[in-house]
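Shown next: data.cif, given as mmCIF, all heavy atoms.
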data_my_file
#
loop_
_atom_site.label_atom_id
_atom_site.label_comp_id
_atom_site.auth_asym_id
_atom_site.auth_seq_id
_atom_site.Cartn_x
_atom_site.Cartn_y
_atom_site.Cartn_z
N MET A 1 -4.58 -0.28 -11.71
CA MET A 1 -4.11 0.97 -11.15
C MET A 1 -2.76 1.33 -11.74
O MET A 1 -1.97 0.45 -12.04
CB MET A 1 -3.94 0.83 -9.64
CG MET A 1 -5.20 0.93 -8.87
SD MET A 1 -4.83 1.00 -7.12
CE MET A 1 -5.99 -0.21 -6.58
N ASP A 2 -2.55 2.59 -11.88
CA ASP A 2 -1.25 3.03 -12.38
C ASP A 2 -0.26 3.19 -11.22
O ASP A 2 -0.61 3.09 -10.05
CB ASP A 2 -1.38 4.31 -13.19
CG ASP A 2 -1.78 5.52 -12.37
OD1 ASP A 2 -2.14 5.35 -11.19
OD2 ASP A 2 -1.72 6.62 -12.90
N LYS A 3 0.98 3.39 -11.57
CA LYS A 3 2.07 3.44 -10.60
C LYS A 3 1.87 4.55 -9.57
O LYS A 3 2.03 4.33 -8.37
CB LYS A 3 3.39 3.62 -11.34
CG LYS A 3 4.60 3.52 -10.48
CD LYS A 3 5.87 3.56 -11.29
CE LYS A 3 7.08 3.45 -10.41
NZ LYS A 3 8.32 3.37 -11.17
N ASP A 4 1.53 5.74 -10.02
CA ASP A 4 1.35 6.87 -9.09
C ASP A 4 0.24 6.60 -8.09
O ASP A 4 0.35 6.93 -6.91
CB ASP A 4 1.06 8.15 -9.86
CG ASP A 4 2.25 8.64 -10.65
OD1 ASP A 4 3.40 8.34 -10.24
OD2 ASP A 4 2.06 9.30 -11.68
N HIS A 5 -0.83 5.98 -8.55
CA HIS A 5 -1.96 5.68 -7.67
C HIS A 5 -1.54 4.66 -6.61
O HIS A 5 -1.89 4.81 -5.43
CB HIS A 5 -3.13 5.16 -8.49
CG HIS A 5 -4.39 5.04 -7.72
ND1 HIS A 5 -5.39 4.21 -8.08
CD2 HIS A 5 -4.82 5.67 -6.59
CE1 HIS A 5 -6.38 4.30 -7.21
NE2 HIS A 5 -6.05 5.18 -6.30
N LEU A 6 -0.79 3.65 -7.00
CA LEU A 6 -0.32 2.65 -6.04
C LEU A 6 0.63 3.26 -5.01
O LEU A 6 0.54 2.95 -3.82
CB LEU A 6 0.36 1.49 -6.77
CG LEU A 6 -0.58 0.52 -7.47
CD1 LEU A 6 0.22 -0.44 -8.33
CD2 LEU A 6 -1.41 -0.24 -6.46
N ILE A 7 1.50 4.14 -5.46
CA ILE A 7 2.42 4.80 -4.53
C ILE A 7 1.63 5.60 -3.49
O ILE A 7 1.91 5.56 -2.30
CB ILE A 7 3.42 5.70 -5.28
CG1 ILE A 7 4.41 4.82 -6.07
CG2 ILE A 7 4.16 6.63 -4.33
CD1 ILE A 7 5.31 5.58 -7.01
N GLU A 8 0.62 6.31 -3.94
CA GLU A 8 -0.20 7.10 -3.01
C GLU A 8 -0.96 6.21 -2.04
O GLU A 8 -1.05 6.50 -0.85
CB GLU A 8 -1.17 8.00 -3.78
CG GLU A 8 -0.53 9.18 -4.43
CD GLU A 8 0.21 10.07 -3.41
OE1 GLU A 8 -0.37 10.40 -2.36
OE2 GLU A 8 1.36 10.41 -3.69
N LEU A 9 -1.52 5.11 -2.53
CA LEU A 9 -2.25 4.21 -1.66
C LEU A 9 -1.36 3.63 -0.57
O LEU A 9 -1.73 3.62 0.61
CB LEU A 9 -2.83 3.05 -2.47
CG LEU A 9 -4.19 3.27 -3.09
CD1 LEU A 9 -4.54 2.13 -4.04
CD2 LEU A 9 -5.24 3.35 -2.00
N ILE A 10 -0.18 3.16 -0.96
CA ILE A 10 0.73 2.56 0.00
C ILE A 10 1.22 3.60 1.01
O ILE A 10 1.20 3.37 2.22
CB ILE A 10 1.92 1.89 -0.72
CG1 ILE A 10 1.42 0.71 -1.55
CG2 ILE A 10 2.97 1.42 0.29
CD1 ILE A 10 2.46 0.17 -2.53
N SER A 11 1.65 4.73 0.52
CA SER A 11 2.18 5.75 1.44
C SER A 11 1.08 6.32 2.33
O SER A 11 1.33 6.59 3.51
CB SER A 11 2.92 6.85 0.68
OG SER A 11 2.06 7.48 -0.23
N ASN A 12 -0.13 6.48 1.83
CA ASN A 12 -1.22 6.98 2.66
C ASN A 12 -1.58 5.99 3.76
O ASN A 12 -1.95 6.39 4.86
CB ASN A 12 -2.46 7.29 1.82
CG ASN A 12 -2.30 8.56 1.03
OD1 ASN A 12 -1.47 9.40 1.34
ND2 ASN A 12 -3.09 8.71 0.00
N SER A 13 -1.48 4.70 3.47
CA SER A 13 -1.75 3.72 4.52
C SER A 13 -0.70 3.82 5.62
O SER A 13 -1.00 3.62 6.79
CB SER A 13 -1.81 2.31 3.95
OG SER A 13 -0.55 1.86 3.54
N LEU A 14 0.54 4.18 5.28
CA LEU A 14 1.58 4.36 6.29
C LEU A 14 1.37 5.64 7.07
O LEU A 14 1.60 5.68 8.28
CB LEU A 14 2.96 4.39 5.62
CG LEU A 14 3.44 3.07 5.05
CD1 LEU A 14 4.74 3.29 4.30
CD2 LEU A 14 3.64 2.06 6.15
N VAL A 15 0.95 6.70 6.41
CA VAL A 15 0.70 7.96 7.09
C VAL A 15 -0.41 7.79 8.12
O VAL A 15 -0.34 8.29 9.24
CB VAL A 15 0.32 9.07 6.09
CG1 VAL A 15 -0.19 10.31 6.79
CG2 VAL A 15 1.50 9.41 5.21
N TYR A 16 -1.41 7.04 7.76
CA TYR A 16 -2.53 6.80 8.68
C TYR A 16 -2.06 6.08 9.94
O TYR A 16 -2.51 6.38 11.03
CB TYR A 16 -3.61 5.99 7.96
CG TYR A 16 -4.76 5.63 8.85
CD1 TYR A 16 -5.72 6.58 9.20
CD2 TYR A 16 -4.91 4.34 9.36
CE1 TYR A 16 -6.78 6.26 10.03
CE2 TYR A 16 -5.96 4.01 10.19
CZ TYR A 16 -6.89 4.98 10.52
OH TYR A 16 -7.93 4.65 11.34
N GLU A 17 -1.13 5.14 9.78
CA GLU A 17 -0.67 4.34 10.91
C GLU A 17 0.34 5.07 11.79
O GLU A 17 0.50 4.74 12.95
CB GLU A 17 -0.05 3.03 10.41
CG GLU A 17 -1.06 2.11 9.77
CD GLU A 17 -0.43 0.87 9.18
OE1 GLU A 17 0.76 0.64 9.43
OE2 GLU A 17 -1.14 0.14 8.48
N SER A 18 1.04 6.04 11.25
CA SER A 18 2.08 6.72 12.03
C SER A 18 1.64 8.14 12.37
O SER A 18 1.06 8.83 11.57
CB SER A 18 3.40 6.75 11.26
OG SER A 18 3.24 7.48 10.08
N LYS A 19 1.98 8.53 13.58
CA LYS A 19 1.53 9.85 14.05
C LYS A 19 2.67 10.80 14.41
O LYS A 19 2.43 11.96 14.61
CB LYS A 19 0.63 9.67 15.28
CG LYS A 19 -0.57 8.80 15.05
CD LYS A 19 -1.62 9.50 14.25
CE LYS A 19 -2.87 8.65 14.22
NZ LYS A 19 -3.56 8.66 12.99
N ASN A 20 3.91 10.32 14.53
CA ASN A 20 4.97 11.21 15.00
C ASN A 20 5.66 11.94 13.85
O ASN A 20 5.56 11.56 12.70
CB ASN A 20 5.97 10.47 15.89
CG ASN A 20 6.76 9.43 15.14
OD1 ASN A 20 7.07 9.59 13.98
ND2 ASN A 20 7.09 8.34 15.81
N SER A 21 6.37 13.02 14.18
CA SER A 21 6.98 13.87 13.16
C SER A 21 8.17 13.22 12.46
O SER A 21 8.44 13.51 11.30
CB SER A 21 7.40 15.21 13.76
OG SER A 21 8.36 15.00 14.77
N ASP A 22 8.89 12.34 13.16
CA ASP A 22 10.01 11.64 12.53
C ASP A 22 9.53 10.73 11.41
O ASP A 22 10.26 10.49 10.44
CB ASP A 22 10.78 10.81 13.55
CG ASP A 22 11.55 11.67 14.54
OD1 ASP A 22 11.88 12.83 14.18
OD2 ASP A 22 11.82 11.19 15.65
N SER A 23 8.33 10.26 11.52
CA SER A 23 7.81 9.35 10.50
C SER A 23 7.55 10.08 9.18
O SER A 23 7.56 9.46 8.13
CB SER A 23 6.55 8.66 10.99
OG SER A 23 5.51 9.58 11.15
N ASN A 24 7.33 11.40 9.23
CA ASN A 24 7.08 12.13 7.98
C ASN A 24 8.28 12.06 7.05
O ASN A 24 8.12 11.90 5.84
CB ASN A 24 6.74 13.59 8.28
CG ASN A 24 5.38 13.73 8.89
OD1 ASN A 24 4.51 12.89 8.71
ND2 ASN A 24 5.18 14.80 9.63
N ARG A 25 9.48 12.17 7.58
CA ARG A 25 10.68 12.06 6.76
C ARG A 25 10.83 10.64 6.24
O ARG A 25 11.17 10.42 5.09
CB ARG A 25 11.93 12.45 7.55
CG ARG A 25 13.18 12.37 6.69
CD ARG A 25 14.35 13.01 7.33
NE ARG A 25 15.62 13.02 6.70
CZ ARG A 25 16.06 12.43 5.63
NH1 ARG A 25 15.29 11.68 4.95
NH2 ARG A 25 17.28 12.56 5.20
N ASN A 26 10.55 9.67 7.09
CA ASN A 26 10.63 8.28 6.67
C ASN A 26 9.63 7.98 5.55
O ASN A 26 9.93 7.23 4.63
CB ASN A 26 10.38 7.34 7.86
CG ASN A 26 11.50 7.40 8.87
OD1 ASN A 26 12.62 7.78 8.56
ND2 ASN A 26 11.18 7.04 10.10
N ILE A 27 8.46 8.56 5.65
CA ILE A 27 7.45 8.33 4.61
C ILE A 27 7.89 8.96 3.30
O ILE A 27 7.71 8.39 2.23
CB ILE A 27 6.08 8.86 5.08
CG1 ILE A 27 5.66 8.00 6.24
CG2 ILE A 27 5.10 8.93 3.94
CD1 ILE A 27 4.28 7.89 6.61
N SER A 28 8.50 10.13 3.37
CA SER A 28 9.02 10.76 2.16
C SER A 28 10.10 9.89 1.52
O SER A 28 10.10 9.69 0.30
CB SER A 28 9.58 12.13 2.50
OG SER A 28 10.16 12.73 1.38
N ASP A 29 10.99 9.36 2.33
CA ASP A 29 12.03 8.45 1.82
C ASP A 29 11.40 7.20 1.23
O ASP A 29 11.83 6.70 0.19
CB ASP A 29 13.00 8.06 2.93
CG ASP A 29 13.87 9.21 3.40
OD1 ASP A 29 13.99 10.22 2.65
OD2 ASP A 29 14.44 9.11 4.50
N PHE A 30 10.37 6.70 1.90
CA PHE A 30 9.70 5.50 1.42
C PHE A 30 9.00 5.74 0.09
O PHE A 30 9.02 4.90 -0.80
CB PHE A 30 8.72 5.00 2.49
CG PHE A 30 8.15 3.66 2.19
CD1 PHE A 30 8.96 2.54 2.14
CD2 PHE A 30 6.80 3.50 1.96
CE1 PHE A 30 8.44 1.28 1.86
CE2 PHE A 30 6.27 2.26 1.69
CZ PHE A 30 7.08 1.15 1.64
N LYS A 31 8.39 6.93 -0.06
CA LYS A 31 7.75 7.27 -1.34
C LYS A 31 8.78 7.32 -2.46
O LYS A 31 8.51 6.88 -3.58
CB LYS A 31 7.01 8.61 -1.23
CG LYS A 31 5.66 8.50 -0.57
CD LYS A 31 5.00 9.84 -0.46
CE LYS A 31 4.10 10.06 -1.63
NZ LYS A 31 3.26 11.25 -1.50
N ASN A 32 9.97 7.84 -2.16
CA ASN A 32 11.04 7.86 -3.16
C ASN A 32 11.44 6.44 -3.53
O ASN A 32 11.67 6.13 -4.70
CB ASN A 32 12.25 8.63 -2.65
CG ASN A 32 11.99 10.11 -2.55
OD1 ASN A 32 11.16 10.65 -3.28
ND2 ASN A 32 12.66 10.77 -1.65
N TYR A 33 11.52 5.57 -2.53
CA TYR A 33 11.83 4.17 -2.79
C TYR A 33 10.75 3.53 -3.67
O TYR A 33 11.04 2.82 -4.62
CB TYR A 33 11.95 3.42 -1.45
CG TYR A 33 11.91 1.92 -1.60
CD1 TYR A 33 13.00 1.23 -2.11
CD2 TYR A 33 10.78 1.20 -1.23
CE1 TYR A 33 12.96 -0.14 -2.25
CE2 TYR A 33 10.73 -0.16 -1.36
CZ TYR A 33 11.82 -0.84 -1.87
OH TYR A 33 11.77 -2.20 -2.02
N LEU A 34 9.50 3.78 -3.34
CA LEU A 34 8.40 3.21 -4.12
C LEU A 34 8.46 3.67 -5.57
O LEU A 34 8.13 2.91 -6.48
CB LEU A 34 7.05 3.60 -3.51
CG LEU A 34 6.71 3.01 -2.15
CD1 LEU A 34 5.40 3.60 -1.63
CD2 LEU A 34 6.63 1.50 -2.21
N GLY A 35 8.86 4.91 -5.78
CA GLY A 35 8.96 5.44 -7.13
C GLY A 35 9.98 4.72 -7.99
O GLY A 35 9.89 4.74 -9.22
N ARG A 36 10.94 4.05 -7.36
CA ARG A 36 11.95 3.32 -8.11
C ARG A 36 11.53 1.90 -8.45
O ARG A 36 12.18 1.22 -9.24
CB ARG A 36 13.27 3.29 -7.32
CG ARG A 36 13.91 4.66 -7.19
CD ARG A 36 15.29 4.59 -6.58
NE ARG A 36 15.31 4.05 -5.25
CZ ARG A 36 15.27 4.76 -4.12
NH1 ARG A 36 15.20 6.07 -4.19
NH2 ARG A 36 15.31 4.18 -2.95
N LEU A 37 10.43 1.43 -7.86
CA LEU A 37 9.96 0.08 -8.13
C LEU A 37 9.16 0.04 -9.42
O LEU A 37 8.61 1.04 -9.86
CB LEU A 37 9.08 -0.41 -6.97
CG LEU A 37 9.74 -0.50 -5.61
CD1 LEU A 37 8.71 -0.95 -4.57
CD2 LEU A 37 10.92 -1.46 -5.63
N ASN A 38 9.08 -1.16 -10.00
CA ASN A 38 8.25 -1.29 -11.19
C ASN A 38 6.80 -1.57 -10.78
O ASN A 38 6.50 -1.82 -9.62
CB ASN A 38 8.80 -2.34 -12.16
CG ASN A 38 8.73 -3.75 -11.63
OD1 ASN A 38 7.75 -4.14 -11.01
ND2 ASN A 38 9.78 -4.51 -11.87
N LEU A 39 5.91 -1.53 -11.73
CA LEU A 39 4.48 -1.64 -11.45
C LEU A 39 4.12 -2.98 -10.80
O LEU A 39 3.33 -3.02 -9.86
CB LEU A 39 3.69 -1.43 -12.74
CG LEU A 39 2.19 -1.24 -12.61
CD1 LEU A 39 1.85 -0.13 -11.65
CD2 LEU A 39 1.59 -0.97 -13.97
N ASP A 40 4.70 -4.06 -11.25
CA ASP A 40 4.40 -5.37 -10.65
C ASP A 40 4.85 -5.44 -9.19
O ASP A 40 4.15 -5.99 -8.34
CB ASP A 40 5.06 -6.50 -11.45
CG ASP A 40 4.39 -6.73 -12.78
OD1 ASP A 40 3.16 -6.47 -12.89
OD2 ASP A 40 5.07 -7.18 -13.71
N GLN A 41 6.00 -4.86 -8.89
CA GLN A 41 6.48 -4.82 -7.51
C GLN A 41 5.54 -4.00 -6.63
O GLN A 41 5.25 -4.37 -5.50
CB GLN A 41 7.89 -4.25 -7.45
CG GLN A 41 8.94 -5.15 -8.06
CD GLN A 41 10.27 -4.44 -8.22
OE1 GLN A 41 10.33 -3.30 -8.67
NE2 GLN A 41 11.35 -5.14 -7.86
N LEU A 42 5.06 -2.89 -7.17
CA LEU A 42 4.12 -2.06 -6.42
C LEU A 42 2.80 -2.77 -6.17
O LEU A 42 2.21 -2.66 -5.09
CB LEU A 42 3.88 -0.74 -7.14
CG LEU A 42 5.02 0.26 -7.09
CD1 LEU A 42 4.75 1.40 -8.05
CD2 LEU A 42 5.22 0.77 -5.68
N ARG A 43 2.33 -3.50 -7.15
CA ARG A 43 1.08 -4.25 -6.98
C ARG A 43 1.22 -5.28 -5.88
O ARG A 43 0.33 -5.45 -5.06
CB ARG A 43 0.68 -4.92 -8.29
CG ARG A 43 0.13 -3.95 -9.30
CD ARG A 43 -0.25 -4.64 -10.58
NE ARG A 43 -0.79 -3.67 -11.53
CZ ARG A 43 -0.55 -3.71 -12.82
NH1 ARG A 43 0.20 -4.66 -13.34
NH2 ARG A 43 -1.07 -2.80 -13.62
N THR A 44 2.34 -5.98 -5.87
CA THR A 44 2.57 -6.98 -4.83
C THR A 44 2.65 -6.31 -3.46
O THR A 44 2.04 -6.78 -2.50
CB THR A 44 3.88 -7.74 -5.11
OG1 THR A 44 3.79 -8.39 -6.38
CG2 THR A 44 4.17 -8.77 -4.03
N MET A 45 3.35 -5.21 -3.37
CA MET A 45 3.49 -4.50 -2.11
C MET A 45 2.16 -3.95 -1.64
O MET A 45 1.85 -3.97 -0.44
CB MET A 45 4.52 -3.39 -2.24
CG MET A 45 4.86 -2.74 -0.93
SD MET A 45 6.14 -1.52 -1.09
CE MET A 45 7.55 -2.58 -1.12
N SER A 46 1.36 -3.45 -2.55
CA SER A 46 0.07 -2.86 -2.15
C SER A 46 -0.82 -3.91 -1.51
O SER A 46 -1.58 -3.60 -0.59
CB SER A 46 -0.62 -2.20 -3.34
OG SER A 46 -1.07 -3.17 -4.26
N LYS A 47 -0.74 -5.13 -1.95
CA LYS A 47 -1.54 -6.19 -1.34
C LYS A 47 -1.15 -6.38 0.11
O LYS A 47 -2.00 -6.64 0.96
CB LYS A 47 -1.36 -7.50 -2.12
CG LYS A 47 -1.96 -7.45 -3.49
CD LYS A 47 -1.66 -8.72 -4.24
CE LYS A 47 -2.13 -8.61 -5.68
NZ LYS A 47 -1.74 -9.77 -6.48
N GLU A 48 0.10 -6.22 0.44
CA GLU A 48 0.57 -6.38 1.81
C GLU A 48 0.12 -5.22 2.69
O GLU A 48 -0.26 -5.42 3.84
CB GLU A 48 2.09 -6.47 1.85
CG GLU A 48 2.66 -7.65 1.12
CD GLU A 48 2.26 -8.98 1.75
OE1 GLU A 48 2.19 -9.04 2.99
OE2 GLU A 48 2.00 -9.94 1.00
N PHE A 49 0.17 -4.00 2.18
CA PHE A 49 -0.15 -2.83 3.00
C PHE A 49 -1.65 -2.56 3.10
O PHE A 49 -2.12 -2.08 4.11
CB PHE A 49 0.54 -1.58 2.44
CG PHE A 49 1.96 -1.49 2.86
CD1 PHE A 49 2.97 -1.89 1.99
CD2 PHE A 49 2.32 -1.02 4.10
CE1 PHE A 49 4.30 -1.81 2.37
CE2 PHE A 49 3.64 -0.93 4.49
CZ PHE A 49 4.63 -1.34 3.62
N ILE A 50 -2.37 -2.86 2.06
CA ILE A 50 -3.79 -2.49 2.01
C ILE A 50 -4.66 -3.56 2.66
O ILE A 50 -5.65 -3.26 3.30
CB ILE A 50 -4.23 -2.18 0.58
CG1 ILE A 50 -3.45 -0.96 0.10
CG2 ILE A 50 -5.72 -1.95 0.48
CD1 ILE A 50 -3.59 -0.68 -1.36
N LEU A 51 -4.28 -4.80 2.52
CA LEU A 51 -5.09 -5.88 3.10
C LEU A 51 -4.76 -6.06 4.52
O LEU A 51 -4.91 -5.81 5.48
CB LEU A 51 -4.85 -7.20 2.38
CG LEU A 51 -5.20 -7.19 0.91
CD1 LEU A 51 -4.81 -8.52 0.28
CD2 LEU A 51 -6.69 -6.96 0.72
#
Output the file's structure as structure tokens, nothing else.
Amino acid sequence: MDKDHLIELISNSLVYESKNSDSNRNISDFKNYLGRLNLDQLRTMSKEFIL
């Protein structure tokens, strides 16, 4: 998977779990954080969120 796909997978799993409006800003901040990570870091993180 490429970096953009991993970012979407991780952030979408968070969106699914959270329902309140404050979480939308947090998810946006989290997506920005994910964008700064390298591909190996994202792969490791995706295993934690997706499994």
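Between atom O of A:Asp4 and atom OD1 of A:Asn26 the interatomic distance comes to 19.8 Å.
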Within-4.5 Å shell of (2.1, 0.6, -12.1) in input frame, all atoms listed in the file, as an NGL selection string: :A and (1-3 or 6 or 39)
Quick one: pull the distance between atom CA of A:Asn32 and atom CA of A:Ile10, Å, one decimal. 12.0 Å
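Atom to atom, atom NH1 of A:Arg43 and atom C of A:Arg25 stand 27.0 Å apart.
Nearest-residue note for A:Ser11: choosing from A:Gln41, A:Ile27, A:Tyr33, A:Ser46, the minimum distance belongs to A:Ile27, counting all atoms listed in the file.
The protein and nucleic acid residues lying at most 6 Å from A:Gly35 are A:Lys3, A:Ile7, A:Phe30, A:Lys31, A:Leu42, with all atoms listed in the file considered and sequence neighbours fewer than 4 positions away removed.
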Based on the selection just made, write all heavy atoms of those residues as an mmCIF file, in the coordinates of the input.
data_model
loop_
_atom_site.group_PDB
_atom_site.id
_atom_site.type_symbol
_atom_site.label_atom_id
_atom_site.label_comp_id
_atom_site.auth_asym_id
_atom_site.auth_seq_id
_atom_site.Cartn_x
_atom_site.Cartn_y
_atom_site.Cartn_z
ATOM 1 N N LYS A 3 0.980 3.390 -11.570
ATOM 2 C CA LYS A 3 2.070 3.440 -10.600
ATOM 3 C C LYS A 3 1.870 4.550 -9.570
ATOM 4 O O LYS A 3 2.030 4.330 -8.370
ATOM 5 C CB LYS A 3 3.390 3.620 -11.340
ATOM 6 C CG LYS A 3 4.600 3.520 -10.480
ATOM 7 C CD LYS A 3 5.870 3.560 -11.290
ATOM 8 C CE LYS A 3 7.080 3.450 -10.410
ATOM 9 N NZ LYS A 3 8.320 3.370 -11.170
ATOM 10 N N ILE A 7 1.500 4.140 -5.460
ATOM 11 C CA ILE A 7 2.420 4.800 -4.530
ATOM 12 C C ILE A 7 1.630 5.600 -3.490
ATOM 13 O O ILE A 7 1.910 5.560 -2.300
ATOM 14 C CB ILE A 7 3.420 5.700 -5.280
ATOM 15 C CG1 ILE A 7 4.410 4.820 -6.070
ATOM 16 C CG2 ILE A 7 4.160 6.630 -4.330
ATOM 17 C CD1 ILE A 7 5.310 5.580 -7.010
ATOM 18 N N PHE A 30 10.370 6.700 1.900
ATOM 19 C CA PHE A 30 9.700 5.500 1.420
ATOM 20 C C PHE A 30 9.000 5.740 0.090
ATOM 21 O O PHE A 30 9.020 4.900 -0.800
ATOM 22 C CB PHE A 30 8.720 5.000 2.490
ATOM 23 C CG PHE A 30 8.150 3.660 2.190
ATOM 24 C CD1 PHE A 30 8.960 2.540 2.140
ATOM 25 C CD2 PHE A 30 6.800 3.500 1.960
ATOM 26 C CE1 PHE A 30 8.440 1.280 1.860
ATOM 27 C CE2 PHE A 30 6.270 2.260 1.690
ATOM 28 C CZ PHE A 30 7.080 1.150 1.640
ATOM 29 N N LYS A 31 8.390 6.930 -0.060
ATOM 30 C CA LYS A 31 7.750 7.270 -1.340
ATOM 31 C C LYS A 31 8.780 7.320 -2.460
ATOM 32 O O LYS A 31 8.510 6.880 -3.580
ATOM 33 C CB LYS A 31 7.010 8.610 -1.230
ATOM 34 C CG LYS A 31 5.660 8.500 -0.570
ATOM 35 C CD LYS A 31 5.000 9.840 -0.460
ATOM 36 C CE LYS A 31 4.100 10.060 -1.630
ATOM 37 N NZ LYS A 31 3.260 11.250 -1.500
ATOM 38 N N LEU A 42 5.060 -2.890 -7.170
ATOM 39 C CA LEU A 42 4.120 -2.060 -6.420
ATOM 40 C C LEU A 42 2.800 -2.770 -6.170
ATOM 41 O O LEU A 42 2.210 -2.660 -5.090
ATOM 42 C CB LEU A 42 3.880 -0.740 -7.140
ATOM 43 C CG LEU A 42 5.020 0.260 -7.090
ATOM 44 C CD1 LEU A 42 4.750 1.400 -8.050
ATOM 45 C CD2 LEU A 42 5.220 0.770 -5.680
#
